[in-house]
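Below: one structure, written as C-alpha cells.
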Amino acid sequence: MSHAKTRLHINLQSRKKLFTWARGITALVISLIFFAPIYWMILTAFKSGNEAFTATPSLFAMPSLENFRLVFSQNDFGRALSTSLFVTTISTLLCLAVGASIAYPLARVRMRGQKHIAFWILSLRIIPPIATIIPLFLMLRAVGLTGSIWSLVLVYTYMNLPLTIWLLRGFFADLPIEIEEAAFVDGASRLRTFFNVTLPLSVPGLIATGLLCYIFAWNEFLFANILTGANTRTAPVGLTEYVTPVSVEWNKIMAAGTLVVLPVWIGALSVQRYLVRGLTLGAVK
Amino acid sequence: MFYSLYASFFRWNLANPANARFGGWHNYNLILTDASFWNSVFVTVKFVSISVSIELILGMAVALLFFYRFPGDRFLRAIMILPMVVAPVVLGLLSRYMLNVQFGVISFFTEYLGLGRIDFLGDPGLALATLIVIDIWQWTPFMFLILLAALQGVPEDILEAAKVDGARSRRIFFDHILHLIRYPIAVAVAVRLIDAFRVYDIIFMTTRGGPINVTQTMSWQIYDAGFKSLDIGYAAAYSWLMLIMVIVAVTLALKLILGKET
C-alpha cells in the first residue's frame, strides 16, 4: 500500500522534473532567438571584408581585430567615442548632483501635491522629443550653443532629470530615518547629516540611477544628430557616417556598433535589479 | 513647449526667417487637409498598436515561462536584457545588414527555405511589418522583465491555488492574477505606447519613411518638415497634433486596462 504511494510520488516528481526541463529548453530557445542578432553583429565585427559579404554566410569566423583597428585609425571614430564619453559622463554627474538636491527634500519633507509628482514626470515623458527639438534648437541657437558639446550636456541633463529625481526620491525614502535622527542628536547639522550619513548610505541607488542616465544619454541620437557639428559628433552620430552611397563597409560598422553597445551592456547587466524599477518609473519595485 | 505652441500659429520658414508672420490656424488647416498627414496617422497607429499588443502578449508568455525557477534561468534572463539597451542606431544598421538582399543572413535563410531573396525593407508591402518585428525584438524583453517582476509580487496563496492543473488554474490566472498585476501592466503599456509613438532612430537608419510612404510615421514627418523643409510653424503645429494623439491613446489604453477605477 505504502509501496504504491511511493511509486505515485516518484511518478509525480519525475513528471515535475520533466516539466521543468521542458520549460528550461523552451526558455533557452527563446533567449537564443533574442540573442541571435547580437551574436551576428559581434561575429561580423571580427570578420574580414570578404567574409562579411558572401552570399552564404558562415556561422563562425577566424577572429581578427583588424576592423577595430581600422575603426580607430581611419574614420576618427575614437574621437566620436571620446566625445560621447565626455558628454554622457558630465551630464550624468550633473544630473545626479541636481537630482539628489531636489529628491532629498521631496523624500523627507511632507508637503502638499506630492502625489502629483509622478504625473508630472510621466507627462514630461509623453512629450515626444521630436516636438521639443525645434524650440530647443531655436533657443540654443539664440544663445550660440548649437554645435557645441555643452548644448548636448545641457539637453541630456534636462532629459534625464525627471527620472533621476523620481528614482533618487525612492532610494532616499527607503533609508531608515532613524539613522539621520541619530546624527542629529549627536549635533550634526542637516547639511552635514546629508553629506556624511545619507549620501554614503545611498551609494548603490546613486550608481544605479547614474547608470540609467548614462545609458539613455549614450544611446541618444535625435538631439545629437541635430545639435552637433562636424567636430562634436557623438558615437551614434559617428556611426551614421559609415553609410555612404558609394560603399557600406558592414564589417567596420559592426565593429563600431559593438564598441557603442558594449559599455552599455556591461552597465545594464550590473544594475539588472534596478533596471526594471528605473524603466517603469518605479511602478514595479 | 509654449514656444512651440506660439510658433505653431505662425507662417514661419527658416529658409526665409524674416518673413515670419502670424497665420492663425493656417498651419493646422494645412495639416488636417493634407492626405499625407492622414497617411502617417494611419501608419503610426498601425505601427504602435500592433507592436505594443504583440509585445504585451509575448512578454506575458515569456514571463510565465520564467516564473518558476529552472536551472540557468538567471543567466537566460540576463541575456534577455541585452536587446533593449542596444542603441537604436546600432539596431537600425544591424537590421539593414542582416536584411540585405544580396548578403544578409536573413535573405540567406529565406532562400534556403525556398522563398527566394526578399527585400524586407524595400518592399512596400513588407517594410512596415519588418519595422514592427524589429520593435518587437527590442522591446518584448522590457515587457517580460516588468511582467515577471509583477508576477513575483503576487501573494503566495493565490499562486498556490493556481498551481493545481487544469481549467481552474487558467481561470484563476485570468480572473485574479491579471487583475492583481493590472497596475504594472498599465504602466508598462503606457511607457511602451509613448515610446512607440516617438520611433525615429530606427526609421532614420533603415527606410527613411519609404518605400513611397508606407513607413512615414508622424515623428518622421515632423522631422522632415522641421529640418528638411525648415518649415518651423508647420512642424510645431504637427507636434501639437501628435501630442494630443499620444495623450488620447495612453488615456484610452489605461481606461481599457484599469477599468472604471481611474
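Residues in the C-alpha cells are numbered from 1 in each chain, the chains being A, B, ... in the order shown, and ligands are numbered from 1 in the order shown.
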
Open item on the list: If we count only C-alpha atoms and set the cut-off at 9 Å, which residues sit around Leu65 (chain B), ignoring sequence neighbours fewer than 5 positions away in its own chain? Please answer as number ranges by chain.
Closed with: A: 23-24, 26-27; B: 60

Open item on the list: Would you pick out the contacts of Val45 (chain B) at 12 Å or less, using only C-alpha atoms, so that residues sharing its chain but fewer than 2 positions from it are not included, and give the list as a PyMOL selection string?
Closed with: chain B and resi 38-43+47-53+128+132+193-194+196-199+215-219+242+245-246+248-249

- [ ] For chain B, list the residues within 7 Å of chain A, counting only C-alpha atoms, and write the list as an NGL selection string.
- [x] :B and (1 or 3-4 or 65 or 70 or 76 or 78-80 or 82 or 85-87 or 89-90 or 94 or 97 or 102-103 or 105 or 108 or 137 or 145-146 or 149-150 or 184 or 187-188 or 194 or 198 or 201 or 219 or 223 or 236 or 239 or 243)

Where in region 100-230 of chain A does DSSP assign alpha helix (DSSP H), given as a CSV table (one decimal) with C-alpha atoms, in the first residue's frame?
```csv
chain,number,residue,atom,x,y,z
A,100,ALA,CA,19.9,64.5,-5.4
A,101,SER,CA,19.4,68.0,-4.1
A,102,ILE,CA,15.8,68.1,-5.3
A,103,ALA,CA,15.0,64.5,-4.5
A,104,TYR,CA,16.1,64.6,-0.9
A,105,PRO,CA,13.7,67.2,0.3
A,106,LEU,CA,10.9,65.5,-1.7
A,107,ALA,CA,11.7,62.3,0.2
A,108,ARG,CA,11.9,63.7,3.7
A,116,HIS,CA,1.3,64.8,-8.5
A,117,ILE,CA,5.0,64.4,-9.0
A,118,ALA,CA,4.5,61.0,-10.6
A,119,PHE,CA,2.1,62.5,-13.0
A,120,TRP,CA,4.4,65.4,-13.7
A,121,ILE,CA,7.2,63.1,-14.6
A,122,LEU,CA,5.1,60.9,-16.8
A,123,SER,CA,3.8,63.9,-18.6
A,124,LEU,CA,7.3,65.2,-19.3
A,125,ARG,CA,7.9,61.8,-20.9
A,126,ILE,CA,4.8,61.9,-23.0
A,129,PRO,CA,11.4,64.6,-28.2
A,130,ILE,CA,10.7,65.4,-31.9
A,131,ALA,CA,8.2,68.0,-30.6
A,132,THR,CA,10.7,69.7,-28.2
A,133,ILE,CA,13.7,69.6,-30.6
A,134,ILE,CA,12.6,72.6,-32.7
A,135,PRO,CA,12.0,75.1,-29.9
A,136,LEU,CA,15.1,73.8,-28.2
A,137,PHE,CA,17.2,74.2,-31.3
A,138,LEU,CA,16.0,77.8,-31.8
A,139,MET,CA,16.7,78.6,-28.1
A,140,LEU,CA,20.2,77.1,-28.2
A,141,ARG,CA,20.8,78.9,-31.4
A,142,ALA,CA,19.8,82.2,-29.8
A,149,ILE,CA,29.4,69.9,-26.8
A,150,TRP,CA,27.8,71.8,-23.9
A,151,SER,CA,24.4,72.1,-25.7
A,152,LEU,CA,24.3,68.3,-25.6
A,153,VAL,CA,25.4,68.2,-21.9
A,154,LEU,CA,22.5,70.6,-21.1
A,155,VAL,CA,19.9,68.7,-23.2
A,156,TYR,CA,20.8,65.3,-21.7
A,157,THR,CA,20.8,66.7,-18.2
A,158,TYR,CA,17.4,68.2,-18.8
A,159,MET,CA,16.2,65.0,-20.4
A,160,ASN,CA,17.2,62.7,-17.6
A,161,LEU,CA,16.4,64.9,-14.7
A,162,PRO,CA,12.8,63.9,-14.1
A,163,LEU,CA,13.7,60.2,-14.0
A,164,THR,CA,16.7,60.9,-11.7
A,165,ILE,CA,14.6,62.8,-9.2
A,166,TRP,CA,12.0,60.2,-9.2
A,167,LEU,CA,14.4,57.3,-8.7
A,168,LEU,CA,16.5,59.0,-6.1
A,169,ARG,CA,13.4,60.0,-4.2
A,170,GLY,CA,12.5,56.4,-3.9
A,171,PHE,CA,16.0,55.4,-2.7
A,172,PHE,CA,16.2,58.2,-0.1
A,173,ALA,CA,12.7,57.3,1.2
A,174,ASP,CA,13.8,53.7,1.7
A,177,ILE,CA,15.1,57.9,9.1
A,178,GLU,CA,16.3,56.8,12.5
A,179,ILE,CA,19.9,56.9,11.3
A,180,GLU,CA,19.6,60.5,10.3
A,181,GLU,CA,17.9,61.3,13.6
A,182,ALA,CA,20.8,59.8,15.5
A,183,ALA,CA,23.2,62.0,13.7
A,184,PHE,CA,21.0,65.0,14.5
A,185,VAL,CA,21.1,64.1,18.2
A,190,ARG,CA,21.1,69.0,8.4
A,191,LEU,CA,23.7,69.6,5.6
A,192,ARG,CA,26.4,67.6,7.3
A,193,THR,CA,24.0,64.7,8.0
A,199,LEU,CA,24.8,60.1,0.7
A,200,PRO,CA,27.2,57.4,1.6
A,201,LEU,CA,24.3,55.1,2.5
A,203,VAL,CA,25.6,55.0,-3.0
A,204,PRO,CA,24.0,51.9,-4.5
A,205,GLY,CA,21.0,53.9,-5.5
A,206,LEU,CA,23.1,56.7,-6.9
A,207,ILE,CA,25.1,54.2,-9.0
A,208,ALA,CA,22.0,52.5,-10.4
A,209,THR,CA,20.4,55.8,-11.3
A,210,GLY,CA,23.6,57.2,-12.7
A,211,LEU,CA,24.0,54.1,-14.9
A,212,LEU,CA,20.4,54.5,-16.3
A,213,CYS,CA,21.1,58.2,-17.1
A,214,TYR,CA,24.3,57.1,-18.7
A,215,ILE,CA,22.6,54.5,-20.9
A,216,PHE,CA,19.9,56.9,-22.1
A,217,ALA,CA,22.3,59.7,-22.9
A,218,TRP,CA,24.8,57.3,-24.5
A,219,ASN,CA,22.2,55.9,-26.9
A,222,LEU,CA,18.0,62.6,-32.4
A,223,PHE,CA,19.3,65.5,-30.4
A,224,ALA,CA,22.9,64.5,-31.1
A,225,ASN,CA,22.3,64.4,-34.8
A,226,ILE,CA,20.8,67.9,-34.9
A,227,LEU,CA,22.8,69.7,-32.3
```

For Met84 (chain B), work out the shell of residues within 8 Å, counting only C-alpha atoms and skipping chain neighbours fewer than 4 positions away, then give it as a CSV table (one decimal) with N, CA and C atoms, in the first residue's frame.
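File written: selection-v6.csv
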```csv
chain,number,residue,atom,x,y,z
B,138,GLN,N,13.2,44.3,-30.0
B,138,GLN,CA,13.9,45.1,-29.0
B,138,GLN,C,13.1,45.3,-27.7
B,139,TRP,N,11.8,45.3,-27.8
B,139,TRP,CA,11.0,45.7,-26.6
B,139,TRP,C,10.2,44.6,-25.9
B,141,PRO,N,11.5,42.1,-24.4
B,141,PRO,CA,12.2,41.9,-23.2
B,141,PRO,C,11.8,42.9,-22.1
B,142,PHE,N,11.5,44.1,-22.5
B,142,PHE,CA,11.1,45.1,-21.5
B,142,PHE,C,9.8,44.7,-20.8
```
